[in-house]
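Chemist: To be precise about what I am sending: the file is called input37.txt and holds compact mmCIF, C-alpha atoms and all ligand atoms.
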```
# COMPACT_ATOMS: atom_id res chain seq x y z
CA MET A 1 88.26 43.18 -83.17
CA THR A 2 91.55 41.28 -83.44
CA ASP A 3 91.60 37.73 -82.16
CA LEU A 4 94.13 37.57 -79.33
CA ASN A 5 94.99 33.96 -79.90
CA LEU A 6 98.62 33.16 -79.20
CA THR A 7 99.13 30.49 -81.85
CA GLY A 8 97.39 32.65 -84.44
CA ILE A 9 99.54 35.69 -83.70
CA LEU A 10 102.77 33.66 -83.65
CA ASN A 11 101.87 31.97 -86.94
CA ARG A 12 101.14 35.27 -88.63
CA LEU A 13 104.43 36.73 -87.39
CA GLN A 14 106.40 33.67 -88.50
CA ASN A 15 104.87 34.12 -91.96
CA GLY A 16 106.04 37.72 -92.13
CA HIS A 17 102.69 39.43 -91.50
CA ILE A 18 102.33 42.72 -89.68
CA VAL A 19 100.54 42.67 -86.35
CA GLU A 20 98.79 45.41 -84.42
CA LYS A 21 99.83 47.21 -81.28
CA ASN A 22 97.36 45.36 -79.03
CA GLU A 23 98.83 42.07 -80.27
CA ILE A 24 102.39 43.23 -79.55
CA LYS A 25 101.29 44.27 -76.06
CA TYR A 26 99.63 40.91 -75.54
CA LEU A 27 102.88 39.10 -76.40
CA LEU A 28 104.91 41.40 -74.16
CA GLY A 29 102.56 40.63 -71.27
CA LEU A 30 102.73 36.82 -71.50
CA SER A 31 103.38 35.21 -68.12
CA ASP A 32 102.49 31.51 -68.40
CA PRO A 33 105.80 29.61 -68.84
CA LYS A 34 104.20 27.38 -71.51
CA ASN A 35 103.22 30.40 -73.58
CA ILE A 36 106.61 32.03 -73.09
CA ARG A 37 108.23 28.88 -74.38
CA LEU A 38 106.05 29.02 -77.50
CA LEU A 39 107.04 32.68 -77.95
CA PHE A 40 110.76 31.84 -77.77
CA GLU A 41 110.37 28.92 -80.18
CA ALA A 42 108.63 31.15 -82.70
CA ALA A 43 111.36 33.80 -82.31
CA GLN A 44 114.04 31.16 -82.88
CA ASN A 45 112.24 30.00 -86.02
CA VAL A 46 112.31 33.53 -87.42
CA ARG A 47 115.99 33.90 -86.55
CA ILE A 48 116.74 30.62 -88.34
CA GLN A 49 114.78 31.80 -91.43
CA PHE A 50 117.09 34.79 -91.77
CA PHE A 51 120.38 33.76 -90.19
CA GLY A 52 120.46 29.95 -89.95
CA ASN A 53 122.53 28.99 -86.92
CA LYS A 54 125.06 31.80 -87.41
CA ILE A 55 125.90 34.32 -84.71
CA PHE A 56 127.75 37.63 -85.10
CA LEU A 57 130.33 38.79 -82.54
CA TYR A 58 130.98 42.43 -81.52
CA GLY A 59 134.08 43.67 -79.72
CA PHE A 60 133.33 46.52 -77.34
CA LEU A 61 135.77 49.34 -76.73
CA TYR A 62 134.62 51.99 -74.28
CA PHE A 63 137.44 54.44 -74.94
CA SER A 64 136.39 57.42 -72.81
CA THR A 65 134.22 57.17 -69.72
CA TYR A 66 134.07 60.94 -69.16
CA CYS A 67 130.64 62.45 -69.82
CA ARG A 68 129.00 65.88 -69.74
CA ASN A 69 125.50 64.40 -69.25
CA ASN A 70 123.57 63.28 -66.24
CA CYS A 71 121.52 60.29 -67.33
CA ARG A 72 119.84 59.08 -64.15
CA PHE A 73 120.45 55.39 -64.89
CA CYS A 74 124.14 55.61 -65.79
CA GLN A 75 127.18 55.24 -63.53
CA TYR A 76 129.22 57.49 -65.84
CA ARG A 77 126.90 60.48 -65.33
CA LYS A 78 128.75 63.74 -64.75
CA SER A 79 127.65 64.07 -61.10
CA ASN A 80 129.15 60.74 -60.14
CA LYS A 81 132.42 61.91 -58.61
CA ILE A 82 133.31 58.53 -57.16
CA ILE A 83 133.64 56.36 -60.23
CA PRO A 84 137.18 56.04 -61.58
CA ARG A 85 137.32 57.25 -65.20
CA TYR A 86 139.74 56.90 -68.05
CA ARG A 87 140.39 58.24 -71.52
CA LYS A 88 142.35 55.84 -73.72
CA SER A 89 145.04 57.07 -76.12
CA LYS A 90 144.98 56.27 -79.81
CA ILE A 91 147.77 53.73 -79.30
CA GLN A 92 145.85 51.97 -76.53
CA ILE A 93 142.66 51.93 -78.62
CA LEU A 94 144.46 50.46 -81.61
CA ALA A 95 146.09 47.79 -79.45
CA ALA A 96 142.79 46.67 -77.91
CA ALA A 97 140.99 46.76 -81.27
CA GLY A 98 143.80 44.72 -82.85
CA GLU A 99 143.59 42.16 -80.07
CA MET A 100 139.84 41.73 -80.59
CA ALA A 101 140.25 41.53 -84.38
CA ASP A 102 142.87 38.79 -83.96
CA ALA A 103 140.55 36.91 -81.63
CA GLY A 104 137.90 36.84 -84.39
CA VAL A 105 135.21 39.45 -83.66
CA HIS A 106 133.24 40.74 -86.66
CA LEU A 107 132.99 44.40 -85.66
CA ILE A 108 134.53 46.93 -83.29
CA ASP A 109 132.06 49.05 -81.31
CA LEU A 110 133.78 52.34 -80.39
CA THR A 111 131.84 53.86 -77.50
CA MET A 112 132.34 56.94 -75.36
CA GLY A 113 130.56 59.21 -72.92
CA GLU A 114 129.87 62.69 -74.28
CA ASP A 115 133.40 63.52 -73.15
CA PRO A 116 133.50 67.26 -72.30
CA GLU A 117 137.06 67.47 -73.54
CA LEU A 118 135.74 66.68 -77.00
CA TYR A 119 132.23 68.08 -76.87
CA SER A 120 133.13 71.50 -75.52
CA SER A 121 136.14 72.11 -77.70
CA SER A 122 136.93 73.00 -81.27
CA GLU A 123 136.25 71.02 -84.36
CA PHE A 124 139.93 70.08 -84.41
CA ASP A 125 139.43 67.57 -81.60
CA PHE A 126 136.56 65.93 -83.41
CA LYS A 127 138.85 65.67 -86.44
CA GLN A 128 141.23 63.67 -84.26
CA LEU A 129 138.33 61.40 -83.35
CA THR A 130 137.57 60.89 -87.04
CA SER A 131 141.19 60.12 -87.74
CA MET A 132 141.36 57.62 -84.85
CA ILE A 133 138.23 55.82 -86.11
CA LYS A 134 139.61 55.69 -89.66
CA THR A 135 142.82 54.09 -88.38
CA VAL A 136 140.87 51.50 -86.35
CA GLN A 137 139.01 50.52 -89.53
CA GLU A 138 142.21 50.32 -91.58
CA ASP A 139 144.34 48.51 -89.00
CA SER A 140 141.75 46.00 -87.84
CA GLY A 141 140.28 45.45 -91.30
CA LEU A 142 136.88 45.33 -89.58
CA PRO A 143 133.72 47.41 -89.83
CA VAL A 144 133.12 49.86 -87.01
CA MET A 145 130.09 50.91 -85.00
CA ILE A 146 130.28 54.25 -83.23
CA SER A 147 128.35 54.94 -80.03
CA PRO A 148 129.53 58.48 -79.34
CA GLY A 149 126.35 60.30 -78.27
CA THR A 150 124.84 63.19 -80.20
CA LEU A 151 127.78 64.27 -82.35
CA PRO A 152 127.57 67.51 -84.34
CA ASP A 153 126.04 66.95 -87.78
CA GLU A 154 129.29 67.86 -89.55
CA ILE A 155 131.20 65.16 -87.68
CA LEU A 156 128.55 62.56 -88.42
CA LYS A 157 128.97 63.50 -92.08
CA ASP A 158 132.76 63.06 -91.81
CA LEU A 159 132.26 59.64 -90.24
CA ALA A 160 129.87 58.56 -92.98
CA ARG A 161 132.40 59.81 -95.54
CA ILE A 162 135.20 57.65 -94.12
CA GLY A 163 132.90 54.63 -94.32
CA VAL A 164 131.79 54.05 -90.73
CA THR A 165 129.15 51.34 -91.01
CA TRP A 166 127.00 51.85 -87.88
CA TYR A 167 125.69 54.65 -85.70
CA ALA A 168 124.30 53.56 -82.32
CA CYS A 169 122.30 56.05 -80.31
CA TYR A 170 119.73 54.66 -77.89
CA GLN A 171 116.54 56.50 -77.08
CA GLU A 172 115.98 54.16 -74.06
CA THR A 173 112.21 54.80 -74.39
CA HIS A 174 109.94 56.42 -76.97
CA ASN A 175 107.73 57.85 -74.25
CA GLU A 176 108.94 61.45 -74.20
CA ILE A 177 107.89 62.04 -70.60
CA LEU A 178 109.79 59.01 -69.32
CA TYR A 179 112.74 59.94 -71.55
CA LYS A 180 112.97 63.34 -69.87
CA THR A 181 113.34 61.72 -66.46
CA LEU A 182 115.97 59.26 -67.75
CA ARG A 183 118.01 61.69 -69.84
CA PRO A 184 117.42 65.06 -68.16
CA GLY A 185 118.46 68.10 -70.16
CA GLN A 186 118.89 66.11 -73.38
CA SER A 187 116.51 66.80 -76.23
CA PHE A 188 114.30 63.86 -77.22
CA LYS A 189 113.92 65.21 -80.76
CA LYS A 190 117.63 65.90 -81.22
CA ARG A 191 118.47 62.29 -80.38
CA LEU A 192 115.92 61.09 -82.94
CA ALA A 193 117.20 63.58 -85.52
CA LYS A 194 120.80 62.31 -85.20
CA LYS A 195 119.61 58.81 -86.05
CA GLN A 196 117.64 60.09 -89.03
CA LEU A 197 120.65 62.08 -90.29
CA ALA A 198 122.98 59.09 -89.93
CA LYS A 199 120.47 56.96 -91.83
CA ASN A 200 120.16 59.59 -94.57
CA LEU A 201 123.96 59.47 -94.82
CA GLY A 202 123.79 55.73 -95.51
CA MET A 203 124.85 54.42 -92.11
CA LEU A 204 123.11 51.49 -90.45
CA ILE A 205 121.30 52.36 -87.23
CA GLU A 206 121.10 50.65 -83.89
CA GLU A 207 118.25 51.69 -81.60
CA GLY A 208 118.05 50.61 -77.98
CA ILE A 209 115.61 50.50 -75.11
CA LEU A 210 116.02 50.03 -71.39
CA THR A 211 113.68 47.86 -69.39
CA GLY A 212 113.10 48.09 -65.64
CA VAL A 213 113.03 51.89 -65.62
CA GLY A 214 109.31 52.39 -65.01
CA GLU A 215 108.12 51.80 -68.57
CA THR A 216 104.73 50.22 -69.28
CA LEU A 217 103.86 47.48 -71.78
CA ASP A 218 102.28 50.23 -73.86
CA ASP A 219 105.62 52.11 -73.90
CA LEU A 220 107.48 48.95 -74.92
CA ALA A 221 105.02 48.26 -77.73
CA ASP A 222 105.42 51.87 -78.91
CA SER A 223 109.22 51.45 -78.97
CA ILE A 224 109.00 48.26 -81.02
CA ILE A 225 106.59 49.92 -83.45
CA TRP A 226 108.93 52.92 -83.67
CA MET A 227 111.79 50.55 -84.55
CA ARG A 228 109.64 48.89 -87.21
CA ASP A 229 108.58 52.19 -88.76
CA PHE A 230 112.12 53.58 -88.78
CA SER A 231 113.38 50.28 -90.12
CA VAL A 232 116.26 50.02 -87.64
CA ASP A 233 119.04 47.63 -88.57
CA GLN A 234 119.88 46.52 -85.06
CA ALA A 235 117.45 46.53 -82.14
CA ARG A 236 118.63 46.31 -78.55
CA VAL A 237 117.04 45.92 -75.16
CA MET A 238 118.97 45.95 -71.90
CA THR A 239 117.73 45.45 -68.37
CA PHE A 240 118.53 48.41 -66.16
CA VAL A 241 121.26 47.56 -63.63
CA PRO A 242 120.99 49.89 -60.59
CA GLN A 243 124.23 51.79 -59.99
CA LYS A 244 125.41 52.97 -56.62
CA ASP A 245 125.88 56.71 -56.09
CA THR A 246 123.27 57.50 -58.75
CA PRO A 247 119.65 58.70 -58.38
CA MET A 248 118.26 55.28 -59.36
CA ALA A 249 120.56 53.32 -57.01
CA ASP A 250 117.66 52.00 -54.94
CA ALA A 251 115.47 50.87 -57.83
CA LYS A 252 114.31 47.29 -57.49
CA PRO A 253 116.42 45.16 -59.86
CA GLN A 254 114.33 43.42 -62.54
CA GLY A 255 115.15 39.82 -63.48
CA SER A 256 116.12 38.98 -67.04
CA LEU A 257 112.85 37.34 -68.17
CA ARG A 258 111.25 40.60 -69.30
CA GLU A 259 114.34 41.39 -71.40
CA GLN A 260 114.13 37.92 -72.98
CA ILE A 261 110.45 38.42 -73.81
CA ILE A 262 111.22 41.78 -75.41
CA ILE A 263 114.05 40.21 -77.45
CA ALA A 264 111.63 37.54 -78.71
CA VAL A 265 108.91 40.06 -79.59
CA MET A 266 111.44 42.27 -81.38
CA ARG A 267 112.65 39.27 -83.36
CA LEU A 268 109.09 38.38 -84.37
CA VAL A 269 107.99 41.91 -85.23
CA LEU A 270 111.23 43.16 -86.80
CA GLY A 271 112.29 39.94 -88.57
CA ASN A 272 115.54 40.36 -90.44
CA VAL A 273 117.38 42.67 -88.04
CA LEU A 274 120.30 42.13 -85.71
CA ILE A 275 119.43 41.70 -82.05
CA PRO A 276 122.15 41.71 -79.39
CA ALA A 277 122.60 39.35 -76.51
CA SER A 278 124.65 41.72 -74.38
CA LEU A 279 127.22 40.33 -71.96
CA ASP A 280 127.03 43.63 -70.12
CA VAL A 281 123.94 42.87 -68.01
CA ASP A 282 124.36 39.33 -66.63
CA GLY A 283 127.77 38.48 -68.05
CA LEU A 284 128.52 35.14 -69.68
CA ASP A 285 125.93 33.40 -67.49
CA GLY A 286 123.16 35.37 -69.21
CA LEU A 287 124.17 34.54 -72.77
CA ARG A 288 122.25 31.33 -73.28
CA ALA A 289 118.93 32.81 -72.16
CA ARG A 290 119.24 35.72 -74.60
CA LEU A 291 120.12 33.44 -77.51
CA THR A 292 117.18 31.21 -76.61
CA ALA A 293 114.93 34.25 -76.92
CA GLY A 294 116.05 34.97 -80.50
CA ALA A 295 119.14 37.21 -80.28
CA ASN A 296 121.78 36.75 -82.99
CA VAL A 297 124.71 39.00 -81.99
CA VAL A 298 126.93 38.64 -78.93
CA THR A 299 127.91 42.16 -77.85
CA SER A 300 130.18 43.62 -75.21
CA ILE A 301 133.05 41.22 -75.85
CA VAL A 302 135.91 42.94 -73.97
CA PRO A 303 139.57 41.90 -73.84
CA PRO A 304 141.12 41.66 -70.35
CA GLU A 305 144.27 43.46 -69.21
CA ASN A 306 143.49 46.65 -71.12
CA GLY A 307 141.77 48.45 -68.24
CA LEU A 308 138.51 48.62 -70.20
CA ALA A 309 135.06 48.93 -68.63
CA GLY A 310 131.50 47.93 -69.50
CA VAL A 311 128.50 50.25 -69.38
CA ALA A 312 125.80 48.56 -67.32
CA ASN A 313 128.44 46.63 -65.38
CA HIS A 314 131.76 48.33 -64.89
CA SER A 315 133.87 45.20 -64.53
CA LEU A 316 131.66 42.07 -64.55
CA ASP A 317 133.45 39.14 -66.25
CA ILE A 318 136.09 41.35 -67.90
CA GLU A 319 139.38 40.77 -66.07
CA ASP A 320 138.66 37.07 -65.58
CA SER A 321 138.45 36.81 -69.39
CA ARG A 322 134.84 35.62 -69.42
CA ARG A 323 133.95 38.16 -72.10
CA THR A 324 136.33 36.56 -74.58
CA LEU A 325 135.73 34.18 -77.48
CA ASP A 326 137.38 31.33 -75.58
CA HIS A 327 134.45 31.41 -73.18
CA ILE A 328 131.71 32.47 -75.60
CA LEU A 329 132.22 29.91 -78.39
CA PRO A 330 131.52 26.86 -76.17
CA VAL A 331 128.23 28.48 -75.07
CA LEU A 332 127.25 29.01 -78.72
CA GLU A 333 128.00 25.38 -79.39
CA THR A 334 125.79 24.14 -76.56
CA CYS A 335 122.99 26.26 -78.08
CA GLY A 336 123.52 24.64 -81.51
CA MET A 337 124.88 27.91 -82.90
CA GLU A 338 128.21 28.86 -84.46
CA PRO A 339 130.04 32.08 -85.24
CA ALA A 340 129.52 33.46 -88.75
CA GLN A 341 132.47 34.02 -91.08
CA PRO A 342 133.56 37.69 -91.29
CA GLU A 343 132.50 37.69 -94.97
CA GLU A 344 128.98 36.60 -93.98
CA TYR A 345 128.71 39.50 -91.56
CA GLN A 346 130.00 41.98 -94.12
CA ALA A 347 127.66 40.61 -96.78
CA TRP A 348 124.72 41.24 -94.44
CA THR A 349 125.71 44.85 -93.71
CA ALA A 350 126.50 45.52 -97.39
CA SER A 351 123.13 44.22 -98.53
CA ARG A 352 121.38 46.26 -95.87
CA GLN A 353 123.25 49.42 -96.90
CA ASN A 354 122.42 48.69 -100.52
CA ASP A 355 118.69 48.42 -99.68
CA LEU A 356 118.97 51.81 -98.02
CA LYS A 357 120.60 53.32 -101.12
CA VAL A 358 117.92 51.91 -103.40
CA TYR A 359 115.24 53.25 -101.06
CA PHE A 360 116.67 56.77 -101.05
CA SER A 361 117.24 56.83 -104.80
CA LYS A 362 113.63 55.76 -105.46
CA LYS A 363 112.45 58.37 -103.00
CA LYS A 364 114.48 61.05 -104.77
CA LYS A 365 112.97 60.09 -108.11
CA GLY A 366 109.51 60.38 -106.57
CA LEU A 367 108.85 56.68 -107.08
CA LEU A 368 107.67 56.20 -103.52
CA THR A 369 104.35 57.73 -102.71
CA ALA A 370 103.68 56.62 -99.15
CA PHE A 371 106.38 57.62 -96.69
CA ILE A 372 106.22 56.77 -93.04
CA GLY A 373 109.37 57.66 -91.15
CA CYS A 374 112.13 55.88 -92.95
CA LYS A 375 110.43 52.59 -93.71
CA LEU A 376 112.25 50.59 -96.36
N1 LIG B 1 127.32 58.06 -74.13
C1 LIG B 1 126.72 57.51 -75.29
C2 LIG B 1 125.23 57.53 -75.21
O1 LIG B 1 124.70 57.61 -74.11
O2 LIG B 1 124.61 57.42 -76.27
C3 LIG B 1 127.23 56.13 -75.57
C4 LIG B 1 127.07 55.15 -74.41
S1 LIG B 1 125.59 54.28 -74.61
C5 LIG B 1 126.14 52.95 -75.57
C6 LIG B 1 125.32 53.63 -73.11
C7 LIG B 1 124.04 52.81 -73.09
O3 LIG B 1 124.17 51.80 -72.12
C8 LIG B 1 122.84 53.63 -72.70
O4 LIG B 1 122.26 54.24 -73.81
C9 LIG B 1 121.95 52.60 -72.03
O5 LIG B 1 121.08 52.02 -72.96
C10 LIG B 1 122.94 51.57 -71.51
N2 LIG B 1 123.13 51.71 -70.06
C11 LIG B 1 123.74 52.72 -69.41
N3 LIG B 1 123.65 52.54 -68.06
C12 LIG B 1 122.98 51.39 -67.89
C13 LIG B 1 122.56 50.67 -66.73
N4 LIG B 1 122.80 51.12 -65.52
N5 LIG B 1 121.90 49.53 -66.91
C14 LIG B 1 121.63 49.06 -68.16
N6 LIG B 1 121.99 49.70 -69.28
C15 LIG B 1 122.65 50.86 -69.15
C1 LIG B 2 126.96 46.34 -75.04
N1 LIG B 2 128.04 47.67 -73.32
O1 LIG B 2 127.04 45.89 -76.15
C2 LIG B 2 127.73 47.61 -74.71
C3 LIG B 2 127.01 48.87 -75.12
C4 LIG B 2 127.15 50.32 -77.13
N2 LIG B 2 126.95 50.33 -78.54
C5 LIG B 2 126.86 48.95 -76.62
C6 LIG B 2 125.71 49.11 -74.37
O2 LIG B 2 126.26 45.81 -74.19
FE1 LIG B 3 126.81 59.86 -70.57
FE2 LIG B 3 125.93 57.99 -72.24
FE3 LIG B 3 126.06 57.54 -69.57
FE4 LIG B 3 124.25 59.20 -70.53
S1 LIG B 3 124.38 57.00 -70.99
S2 LIG B 3 125.59 59.60 -68.75
S3 LIG B 3 125.31 60.16 -72.22
S4 LIG B 3 127.77 57.87 -70.93
```
Just give me the structure as structure tokens.
Ligand code: SAM
Ligand code: MD0
Ligand code: SF4
Modeler:
Amino acid sequence: MTDLNLTGILNRLQNGHIVEKNEIKYLLGLSDPKNIRLLFEAAQNVRIQFFGNKIFLYGFLYFSTYCRNNCRFCQYRKSNKIIPRYRKSKIQILAAAGEMADAGVHLIDLTMGEDPELYSSSEFDFKQLTSMIKTVQEDSGLPVMISPGTLPDEILKDLARIGVTWYACYQETHNEILYKTLRPGQSFKKRLAKKQLAKNLGMLIEEGILTGVGETLDDLADSIIWMRDFSVDQARVMTFVPQKDTPMADAKPQGSLREQIIIAVMRLVLGNVLIPASLDVDGLDGLRARLTAGANVVTSIVPPENGLAGVANHSLDIEDSRRTLDHILPVLETCGMEPAQPEEYQAWTASRQNDLKVYFSKKKKGLLTAFIGCKL
């Protein structure tokens, strides 16, 4: 019987030990403010062990908000006929990416809905997507993350070939029954398989979960254990923001404390991974709380005056420039943090990709006997 003693569990995690599911659940269920403070302090200690006081910064470019899917939580679902949509041209994408690169972000996150114009047409259109992404990398001089949905395998291979660093594809939950209500008509296994393929191709993987969508502590613990077993490189949690004109419009909004607790537990259990503090849920006002919980990447930095949208919040803080470095850097400073140099970010991703290569080459030579998922 494991001893559910908070200090004991936090000490073991800070010393890099593995903990069991019941211990993860116990941490996720903490409610006494004193204990939550201890949890956040421990998470910050682990972040400092791996990243010092350095924070990474991600520019977010949602370049097509058309989608063939009907995720129940998402304002861009196909059935939402009211939301204004856009599809940015290559020139517009390059201009916005260039602007963010000049401002000093470390990565460009190229995100889209599963745009039917692309997904239902020939391979030629996907080739144009590949070419656009290649140009963004070349022009901005920055690494790219793609969040494009479940691309065909061949296109994922093309993207790995041109050197795309990251593939983001969020399961939202690892409870298959809950998944089916959140992402109706989309295969649970296919979404997992795309992540595995991208990893096999040498790309870094971001996994993400939603909180406030009816999940239990058991589900959350399962997701964190899934992330540990798969050895994800970036682990995200976002609080569900109810969207009008969608099936979950009347869901009771959940405050941000649960998200903070999940960030802290992910930091403790997953250690040396990147964990976003997204500006997309509570805007700039929510940044400090997420950093306090152990996050080390500011995501959803969006330049104004480009007509770009967020995901969980269509416009929050965008046009008033509050998702820009001018506003973010002072918040980092008040938290005792500072932005990393671009070389530091690229050294981290390169070393992570190198670990992956070594892992796969050992596996090929039969040097690894035990194999659970994709554990490094
Ligand atoms: N269409 C692609 C896909 O679904 O994989 C790329 C977009 S993906 C980055 C959008 C993510 O934003 C979702 O996976 C979900 O985690 C998050 N999201 C969407 N709607 C949200 C909402 N209402 N509240 C909070 N997060 C939301
Ligand atoms: C964010 N709105 O960082 C973005 C998005 C997609 N890779 C990320 C959810 O919060
Ligand atoms: Fe489309 Fe992605 Fe929104 Fe689902 S989450 S409706 S796939 S844009």
Chemist: Between A:Ala101, A:Ile83, A:Ile177, A:Ala264, which one has atoms that come closest to Arg37 (chain A), using all atoms listed in the file?
Modeler: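 Smallest separation from Arg37 (chain A) among the options: A:Ala264.
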Chemist: Could you list, as a ChimeraX atom specification, all protein and nucleic acid residues with an atom at most 8 Å from ligand LIG 1 (chain B), counting only C-alpha atoms and all ligand atoms?
Modeler: /A:67,71,73-76,111-114,147-150,168-172,208-210,237-243,280-281,311-313
Chemist: Kindly indicate which residue among A:Tyr66, A:Phe360, A:Trp166, A:Phe188 lies nearest to ligand LIG 3 (chain B), using all atoms listed in the file for the distances.
Modeler: A:Tyr66
Chemist: Which value, in Å to one decimal, gives the distance between CA of Asp219 (chain A) and CA of Pro276 (chain A)?
Modeler: 20.3 Å
Chemist: Write out as a list in words each polymer residue whose atoms come within 9 Å of region 227-234 of chain A, counting only C-alpha atoms; drop sequence neighbours fewer than 3 positions from it.
Modeler: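 Everything that qualifies: Ala168, Gln196, Leu204, Ile205, Glu206, Glu207, Gly208, Asp222, Ser223, Ile224, Met266, Val269, Leu270, Asn272, Val273, Leu274, Ile275, Pro276, Thr349, Arg352, Ile372, Gly373, Cys374, Lys375 and Leu376 of chain A.
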Chemist: May I have the residues from that selection written out with C-alpha atoms, as a compact mmCIF listing (two decimals), in the frame of the given file?
Modeler:
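What ended up in out_39.txt:
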```
# COMPACT_ATOMS: atom_id res chain seq x y z
CA ALA A 168 124.30 53.56 -82.32
CA GLN A 196 117.64 60.09 -89.03
CA LEU A 204 123.11 51.49 -90.45
CA ILE A 205 121.30 52.36 -87.23
CA GLU A 206 121.10 50.65 -83.89
CA GLU A 207 118.25 51.69 -81.60
CA GLY A 208 118.05 50.61 -77.98
CA ASP A 222 105.42 51.87 -78.91
CA SER A 223 109.22 51.45 -78.97
CA ILE A 224 109.00 48.26 -81.02
CA MET A 266 111.44 42.27 -81.38
CA VAL A 269 107.99 41.91 -85.23
CA LEU A 270 111.23 43.16 -86.80
CA ASN A 272 115.54 40.36 -90.44
CA VAL A 273 117.38 42.67 -88.04
CA LEU A 274 120.30 42.13 -85.71
CA ILE A 275 119.43 41.70 -82.05
CA PRO A 276 122.15 41.71 -79.39
CA THR A 349 125.71 44.85 -93.71
CA ARG A 352 121.38 46.26 -95.87
CA ILE A 372 106.22 56.77 -93.04
CA GLY A 373 109.37 57.66 -91.15
CA CYS A 374 112.13 55.88 -92.95
CA LYS A 375 110.43 52.59 -93.71
CA LEU A 376 112.25 50.59 -96.36
```
Chemist: Would you compute the box with edges along x, y and z of the file around ligand LIG 2 (chain B), including every atom the file lists for it and 8 Å extra on each side, and give its centre and edge lengths in Å to one decimal, as JSON?
Modeler:
```
{"center_x": 126.9, "center_y": 48.1, "center_z": -75.9, "size_x": 18.3, "size_y": 20.5, "size_z": 21.2}
```
Chemist: May I have a table of the residues of region 31-137 of chain A lying at most 6 Å from region 297-308 of chain A, giving each one's closest pair of atoms and their distance in Å to one decimal, counting all atoms listed in the file, ordered by chain and ascending residue number, as JSON lines?
Modeler:
```
{"residue": "A:Ile55", "atom": "CA", "partner": "A:Val297", "partner_atom": "CA", "distance": 5.5}
{"residue": "A:Phe56", "atom": "CA", "partner": "A:Val297", "partner_atom": "CA", "distance": 4.6}
{"residue": "A:Leu57", "atom": "CA", "partner": "A:Val298", "partner_atom": "CA", "distance": 5.0}
{"residue": "A:Tyr58", "atom": "CA", "partner": "A:Thr299", "partner_atom": "CA", "distance": 4.8}
{"residue": "A:Gly59", "atom": "CA", "partner": "A:Ile301", "partner_atom": "CA", "distance": 4.7}
{"residue": "A:Phe60", "atom": "CA", "partner": "A:Ser300", "partner_atom": "CA", "distance": 4.8}
```
Chemist: Can you pull out every residue within 9 Å of Leu94 (chain A), counting only C-alpha atoms, but drop anything in the same chain fewer than 6 positions away, and send it as a PyMOL selection string?
Modeler: chain A and resi 132+135-136+139-140
Chemist: Between A:Ala295, A:Ala96, A:Leu151, A:Met337, which one has atoms that come closest to ligand LIG 3 (chain B), using only C-alpha atoms and all ligand atoms?
Modeler: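 The closest residue to ligand LIG 3 (chain B) is A:Leu151.
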Chemist: Looking at all atoms listed in the file, which of A:Gly255, A:Gly104, A:Gly141, A:Pro342 is the one that sits closest to Gly286 (chain A)?
Modeler: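 Of A:Gly255, A:Gly104, A:Gly141, A:Pro342, the one nearest Gly286 (chain A) is A:Gly255, counting all atoms listed in the file.
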Chemist: Which residue gives the smallest distance to Ile24 (chain A) among A:Ala221, A:Trp348, A:Lys88, A:Lys54, with only C-alpha atoms counted?
Modeler: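 That would be A:Ala221, the residue with the smallest distance to Ile24 (chain A).
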Chemist: Any idea what the distance is between CA of Leu279 (chain A) and CA of Gln137 (chain A)?
Modeler: 23.5 Å
Chemist: Separation of CA of Leu325 (chain A) and CA of Thr292 (chain A), in Å?
Modeler: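 CA of Thr292 (chain A) lies 18.8 Å from CA of Leu325 (chain A).
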Chemist: Which residue gives the smallest distance to Met145 (chain A) among A:Leu220, A:Val164, A:Ala193, A:Val19, with all atoms listed in the file counted?
Modeler: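 Going through A:Leu220, A:Val164, A:Ala193, A:Val19 one by one, the smallest distance to Met145 (chain A) is for A:Val164.
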Chemist: Distance cut-off 12 Å, centre (98.5, 40.7, -82.5) in file coordinates, counting all atoms listed in the file: which residues qualify? Return them as a ChimeraX atom specification.
Modeler: /A:1-13,17-29,221,265,268-269
